[in-house]
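K.L.:
Got a structure for you, written out below as C-alpha cells; questions coming shortly.
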Amino acid sequence: MNLLFFIRLLLKHLVLLVLLPIVLAAMAFFLTQDQPKEYISSTRVYTGITTGSSIVSLESSKVDLFATRTAFDNLINIINARSTMEEVSMKLLATHLMLDKPQVEIISAESYNKLMKLVPQKVKDLVVKGDMEATLKNFRELKDSDYNNFIYKLINYDHPYYSSQKISSKIKVRRVQSSDLIDITYQSSDPGICKGTLEILTTVFINEYTNIKVNQSDAVTKYFEAQIDMANEKLNTAENELLEFNRSNIIINYYEQTKHIAAEKELFDMRYLEIKLLNAGAKSVIVALENKMSALQKQRINNETIANLRSDLSRVNMDIAMKTFEEKTDSTRESALVKEIGDLRSKSYSIEKELKQAVQDQYNTEYSTEGVSTTSILEDWIDKVIELEATKAQLKVAELQEKQFDRLFKNYAPLGATMKRLERKIDVAEREYLSLLHSLGVAKLNQQSVEMNSNLKIVTKPLFPIVAQPSKRKFLLVIAFMIGFLIPAFVIIVLEFLDQNIKTAPRAENMIGLSVASIFPKLVNTGKKLDVEFIKNKGLDIIARRLILNTEEKTEKGKPDTNILFSSLESEGKTTLATLLLEKLAAVGYDVLFLTYNEISAIPGVETRIYSIGKSYHRAENIEDLDADLEGLILNQYDYIFIEIPGVLHHTYPINLFKNIDHSFLVTRANRAWTKSDSFALKDIVEFTKDKKPQVLLNGVEMLEMETVIGDLPKQRSLIRRVLKNILRLQFFTKNKLTKKK
C-alpha cells in the first residue's frame, strides 16, 4: 500500500470529490453575497499596574511577574464580565433611544429605523430626554422585574448591537507587550455603533475597576477602624477594672507599698529580736541577782508594796507601748496620743522612783551573802526589773504588730497576683490598640495609593472608522471548497480501511488461511481505456501455468491431472472461470474433460459431461462414482479432468473425492467478505485433504490489482503520466526498456 494506491482510490470517486467541493463553494458564495461590511475601532488605556507610583513606600519595588500577570488578568476579566457587557448594552440602548433622529457618528439611519421599529412604546416611554441616569434607572428596574420583558430579552438574546454575548464576542483585549498599556478593539457593521460601544465600554470598565479597587481598600480601612474602637473599649474596660481594684483595696502604689511594708517588716523583725534578747537578758540577770540575795532579802523585795509597784509599772509601760502602737496606726489621733504618751511616761518615771525607794527601804544590810555590796545588787536588780517590765510591754505590742504584718502580707499576696493579671490585661489591650492603630495608618496610606493607581487613563480615544475591513468571503469559499474535498476523501479512505471485502491476494491468504494460486480480474465495468482482452488472457495464462506446473510436479506419470473447482457460496464465478480456463488449455493442445452439475454451453475443444446430484452424491470417492454419463470415455486419455461441485456451505459434497484427486481449487469473489461460516464450511475439507490442501483462485479482482501479477496494465499513457507514476512509486531511475549502444 503506497501513495499510488491512495491516489487511485480517490480517482475512483473523482466525480464525488469534484462535485461536492463545487457545490459547497457555490452554497458559500450565495450565502455570503449579502454579508454586511465590518468596521473596527480601537482604544488604548494606561493601567499603571507595573510602574504606577506608590505613597506606601518611597523605595522602588521589585516587579512581581506573577502578580502583574494576575492583575492584568483581573482587569481583562472585568472588561469581559457579563455585568460589564450588560451595562454597556443598556447605556448604548439608552444613548440611541434618547436621539430624536439618527446621527451618523452615533448610529446610522438604517440601524436607527430598525431600532425604532423593534423597541415597543412601553420601553420608549421609559426614556428621560437629557437624563441618562434616570433613563438607565428605569431600564434596570424593567430588566430586573421579570425574565420576559423587552430589555432582558434584548440583552440576553442575539441582537447584533445590544446583546451582551454579541458584544463580548466582538471585543478583543490584549496587553501591549510587557507595558502598562492595554488595547481594546471592537468590530461592528455600523461605524457609529462601533465607536460608541467602545467609548461606553471604556467608561464602564474604568468605573467598575476603580470601584472594586477602592472598595477593597475602603473595606480594609473600615475594618481596622471598627477593630480600633473595639480595642479602645477593651483597653478602657481593663483600666477601669484596675482603678476599681485599687480603690476597693486602698492601693496607691502597690509596688512601693509592698516595698515599704517589706522594709518595715525587716526593721520590725530586727527590733523584735532585740526586744526578745533584752527581755531574756533581763530575766537572766534578775535570776542571777536574786541568787546572790539571802532568803530574807528575797522575801523583802517580793513584798506586796514592791509587787504592786511592779504591777503598776508594768501596766503603765503597757499603756505607753499600746499608745505608741496606736500612734503609728491611727494618724487622726496623733496629737492626743502624743500628749497621753507624755503623761504616761511621766507616770512611769514616778513609779520607777517609788519602786527604787521602796526597795531601798526594805534593805538594811550592807552586803550580800557573797560579800557583794547589797546596794550594788539592789540597784542592778531594780534596773533589770524596770527593763524587764518595759520589754514585756514591748513584746506584747510587738506580738500585735507581728499579727498586723501577717494580715498585711495575707492581704497583699493575692492582691499582687490580681494586679499583675489586670496590668497584663491592660498591656495586651494597649499593644493590640497600638498595633491596630499602626495597621490603620498603613491601610489609609494603601488606600490613597490604590486610589492613585486605580485611576486608569485613556491614552488613545476610539476613532470613527470610515474604512470597512476586508471581506472574508474569499476565505470562506476556499474553506468550503477544501471541506467539500477533504471530508469525503477522509471518509473514502476510512471506509476503504474498514472494508472487510477480500479484494487482494494477501488479504485472501490472511483471511482464508490458504495460499492463493492466482487471481483473475473483474470483466465488467472496467473502463474503455484498458485492453480487457489482453488482461483476461494474461490472467488465464497465469492460472494455466500453475496447472501445468502442478502436472509436472506429479510423481505418477501417464494419468490425467484431476482437479476440483469448488466454492463456499454459489455465484462465485466457478463456471465462468472454468469455461475460460478449459478453453485456454484446449487451445494450447491439452485434452480436457469437464464434469459439472450445471447446464452449460459446449466449450470448444473440451469434453463436457453433466452429472446429477443424487442421494449417493456425497459418498462418491472417485470420478466413476459420480452420476454422470461417462460411457465411451477413456479417462486416461485426458491430460486434465476438472470437476465442478456446488457451494459447500449450502450443499452436501463428496468429502472423500477430495482425497482421491490431485488438486482442489477454492474459487471466491474478491468483492465479498470472508465470514466465519465460510471458514467453518472449509474446515473439514482442509483437515481431510492434509497435504493436498486447496488453493485459492481469487476471482473478480479490480483491474489495478492485476498489476501485482502482470505488471503495468496495457493502456496508452503520456510521458508525463509515466513519470508521475514512477515518482509516486518512488522509482526515480526506472526505465521500461534496455538500450544497446552500437
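Residues in the C-alpha cells are numbered from 1 in each chain, the chains being A, B, ... in the order shown, and ligands are numbered from 1 in the order shown.
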Residues at most 12 Å from A:Gly441, counting only C-alpha atoms, excluding those fewer than 3 positions away in the same chain, as a compact mmCIF listing (two decimals) with N, CA and C atoms, in the first residue's frame?

P.N.:
```
# COMPACT_ATOMS: atom_id res chain seq x y z
N VAL A 56 3.04 54.36 49.69
CA VAL A 56 3.30 53.45 50.80
C VAL A 56 4.79 53.31 51.04
N VAL A 220 -10.97 47.52 54.00
CA VAL A 220 -9.87 47.26 54.94
C VAL A 220 -9.78 48.37 55.97
N THR A 221 -9.89 49.62 55.50
CA THR A 221 -9.82 50.77 56.43
C THR A 221 -10.97 50.72 57.44
N LYS A 222 -12.17 50.46 56.96
CA LYS A 222 -13.31 50.38 57.88
C LYS A 222 -13.16 49.23 58.87
N PHE A 224 -10.31 48.08 60.12
CA PHE A 224 -9.37 48.48 61.17
C PHE A 224 -9.98 49.56 62.09
N GLU A 225 -10.79 50.44 61.53
CA GLU A 225 -11.44 51.45 62.38
C GLU A 225 -12.38 50.79 63.38
N ILE A 228 -10.29 49.10 65.98
CA ILE A 228 -9.69 50.07 66.92
C ILE A 228 -10.71 50.49 67.97
N LEU A 434 -2.41 49.70 69.87
CA LEU A 434 -1.34 50.37 69.13
C LEU A 434 -1.07 49.66 67.80
N SER A 435 -1.14 48.32 67.80
CA SER A 435 -0.92 47.58 66.55
C SER A 435 -2.01 47.89 65.54
N LEU A 436 -3.25 47.90 65.99
CA LEU A 436 -4.35 48.23 65.09
C LEU A 436 -4.26 49.66 64.61
N LEU A 437 -3.80 50.54 65.49
CA LEU A 437 -3.63 51.94 65.09
C LEU A 437 -2.59 52.06 63.99
N HIS A 438 -1.49 51.30 64.14
CA HIS A 438 -0.46 51.30 63.10
C HIS A 438 -1.00 50.71 61.80
N LYS A 444 -4.68 53.25 55.45
CA LYS A 444 -5.06 54.53 54.85
C LYS A 444 -4.05 54.97 53.80
N LEU A 445 -2.76 54.71 54.08
CA LEU A 445 -1.76 55.01 53.06
C LEU A 445 -1.98 54.15 51.82
N ASN A 446 -2.26 52.89 52.04
CA ASN A 446 -2.51 51.99 50.92
C ASN A 446 -3.77 52.40 50.16
N GLN A 447 -4.77 52.88 50.90
CA GLN A 447 -5.99 53.35 50.27
C GLN A 447 -5.71 54.53 49.34
N GLN A 448 -4.88 55.44 49.82
CA GLN A 448 -4.51 56.58 48.98
C GLN A 448 -3.73 56.11 47.76
```

K.L.:
With DSSP run on the backbone, what are the strand (DSSP E or B) residues within stretch 63-196 of chain A? I'd like them as a ChimeraX atom specification.

P.N.:
/A:171-175,181-188

K.L.:
Keeping only N, CA and C atoms, write the selected residues to a file as a PDB file, in the first residue's frame.

P.N.:
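The new file result_5.pdb reads:
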```
ATOM      1  N   ILE A 171     -15.441  41.863  21.240  1.00  0.00           N
ATOM      2  CA  ILE A 171     -14.455  42.651  21.983  1.00  0.00           C
ATOM      3  C   ILE A 171     -13.153  41.865  22.060  1.00  0.00           C
ATOM      4  N   LYS A 172     -12.061  42.503  21.728  1.00  0.00           N
ATOM      5  CA  LYS A 172     -10.735  41.894  21.826  1.00  0.00           C
ATOM      6  C   LYS A 172      -9.876  42.764  22.736  1.00  0.00           C
ATOM      7  N   VAL A 173      -9.335  42.152  23.793  1.00  0.00           N
ATOM      8  CA  VAL A 173      -8.499  42.876  24.759  1.00  0.00           C
ATOM      9  C   VAL A 173      -7.137  42.196  24.801  1.00  0.00           C
ATOM     10  N   ARG A 174      -6.078  42.972  24.716  1.00  0.00           N
ATOM     11  CA  ARG A 174      -4.732  42.411  24.808  1.00  0.00           C
ATOM     12  C   ARG A 174      -3.797  43.424  25.447  1.00  0.00           C
ATOM     13  N   ARG A 175      -2.814  42.889  26.143  1.00  0.00           N
ATOM     14  CA  ARG A 175      -1.776  43.726  26.740  1.00  0.00           C
ATOM     15  C   ARG A 175      -0.740  44.051  25.678  1.00  0.00           C
ATOM     16  N   LEU A 181       0.118  49.189  29.173  1.00  0.00           N
ATOM     17  CA  LEU A 181      -0.955  49.582  28.264  1.00  0.00           C
ATOM     18  C   LEU A 181      -1.753  48.355  27.827  1.00  0.00           C
ATOM     19  N   ILE A 182      -3.033  48.572  27.611  1.00  0.00           N
ATOM     20  CA  ILE A 182      -3.881  47.537  27.022  1.00  0.00           C
ATOM     21  C   ILE A 182      -4.613  48.128  25.823  1.00  0.00           C
ATOM     22  N   ASP A 183      -4.753  47.312  24.791  1.00  0.00           N
ATOM     23  CA  ASP A 183      -5.504  47.702  23.600  1.00  0.00           C
ATOM     24  C   ASP A 183      -6.843  46.987  23.601  1.00  0.00           C
ATOM     25  N   ILE A 184      -7.898  47.738  23.303  1.00  0.00           N
ATOM     26  CA  ILE A 184      -9.254  47.179  23.225  1.00  0.00           C
ATOM     27  C   ILE A 184      -9.791  47.498  21.846  1.00  0.00           C
ATOM     28  N   THR A 185     -10.221  46.474  21.125  1.00  0.00           N
ATOM     29  CA  THR A 185     -10.791  46.663  19.793  1.00  0.00           C
ATOM     30  C   THR A 185     -12.207  46.108  19.774  1.00  0.00           C
ATOM     31  N   TYR A 186     -13.030  46.709  18.924  1.00  0.00           N
ATOM     32  CA  TYR A 186     -14.417  46.262  18.784  1.00  0.00           C
ATOM     33  C   TYR A 186     -14.786  46.305  17.313  1.00  0.00           C
ATOM     34  N   GLN A 187     -15.571  45.332  16.886  1.00  0.00           N
ATOM     35  CA  GLN A 187     -15.958  45.201  15.485  1.00  0.00           C
ATOM     36  C   GLN A 187     -17.469  45.226  15.370  1.00  0.00           C
ATOM     37  N   SER A 188     -17.971  46.001  14.394  1.00  0.00           N
ATOM     38  CA  SER A 188     -19.417  46.104  14.199  1.00  0.00           C
ATOM     39  C   SER A 188     -19.690  46.490  12.755  1.00  0.00           C
TER      40      SER A 188
END
```

K.L.:
Counting only C-alpha atoms, which residue out of A:Met85, A:Leu97, A:Leu698, A:Ile645 sits closest to A:Asn156?

P.N.:
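The shortest atom-to-atom distance to A:Asn156 comes from A:Met85.
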
K.L.:
Got a sec to tell me which of stretch 640-688 of chain A DSSP assigns to alpha helix (DSSP H), as a list in words?

P.N.:
Ile655, Asn656, Leu657, Phe658, Lys659, Lys676, Ser677, Asp678, Ser679, Phe680, Ala681, Leu682, Lys683, Asp684, Ile685, Val686, Glu687 and Phe688 of chain A

K.L.:
Please provide as a ChimeraX atom specification all residues within 7 Å of A:Leu388, with the sequence filter that same-chain residues fewer than 3 positions apart are discarded (counting only C-alpha atoms).

P.N.:
/A:279,282-283,384-385,391-392

K.L.:
Let's have the selection written as a PDB file, in the first residue's frame, with C-alpha atoms.

P.N.:
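part20.pdb was written with the following content:
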```
ATOM      1  CA  ASN A 279      13.782  40.566 127.837  1.00  0.00           C
ATOM      2  CA  ALA A 282      16.798  40.960 131.952  1.00  0.00           C
ATOM      3  CA  LYS A 283      15.199  37.745 133.163  1.00  0.00           C
ATOM      4  CA  LYS A 384      16.661  44.919 135.344  1.00  0.00           C
ATOM      5  CA  VAL A 385      13.185  44.755 136.839  1.00  0.00           C
ATOM      6  CA  THR A 391      10.391  44.719 127.465  1.00  0.00           C
ATOM      7  CA  LYS A 392       7.289  42.778 128.496  1.00  0.00           C
TER       8      LYS A 392
END
```

K.L.:
May I have the residues within 8 Å of A:Ala620 as an mmCIF file with C-alpha atoms, in the first residue's frame, using only C-alpha atoms and disregarding those fewer than 3 positions away in the same chain?

P.N.:
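That gives us selection-v3.cif:
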```cif
data_model
loop_
_atom_site.group_PDB
_atom_site.id
_atom_site.type_symbol
_atom_site.label_atom_id
_atom_site.label_comp_id
_atom_site.auth_asym_id
_atom_site.auth_seq_id
_atom_site.Cartn_x
_atom_site.Cartn_y
_atom_site.Cartn_z
ATOM 1 C CA SER A 616 -25.288 -41.135 -3.284
ATOM 2 C CA TYR A 617 -23.535 -37.975 -4.399
ATOM 3 C CA ILE A 623 -14.801 -39.818 -10.724
ATOM 4 C CA ASP A 625 -18.816 -42.716 -8.590
ATOM 5 C CA LEU A 626 -20.378 -39.520 -9.900
ATOM 6 C CA PRO A 654 -18.284 -35.789 -1.549
ATOM 7 C CA ILE A 655 -15.554 -35.264 1.035
ATOM 8 C CA ASN A 656 -13.765 -38.497 0.044
ATOM 9 C CA LEU A 657 -13.474 -37.285 -3.519
#
```

K.L.:
Restricting the calculation to only C-alpha atoms, which member of A:Asp343, A:Ile351, A:Val442, A:Arg82 is positioned closest to A:Asn308?

P.N.:
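Closest to A:Asn308, using only C-alpha atoms: A:Ile351.
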
K.L.:
Just the residues within 8 Å of A:Glu105, please, counting only C-alpha atoms, with nothing from its chain fewer than 5 positions along; format it as an MDAnalysis selection string.

P.N.:
chainID A and resid 191:193 195 464
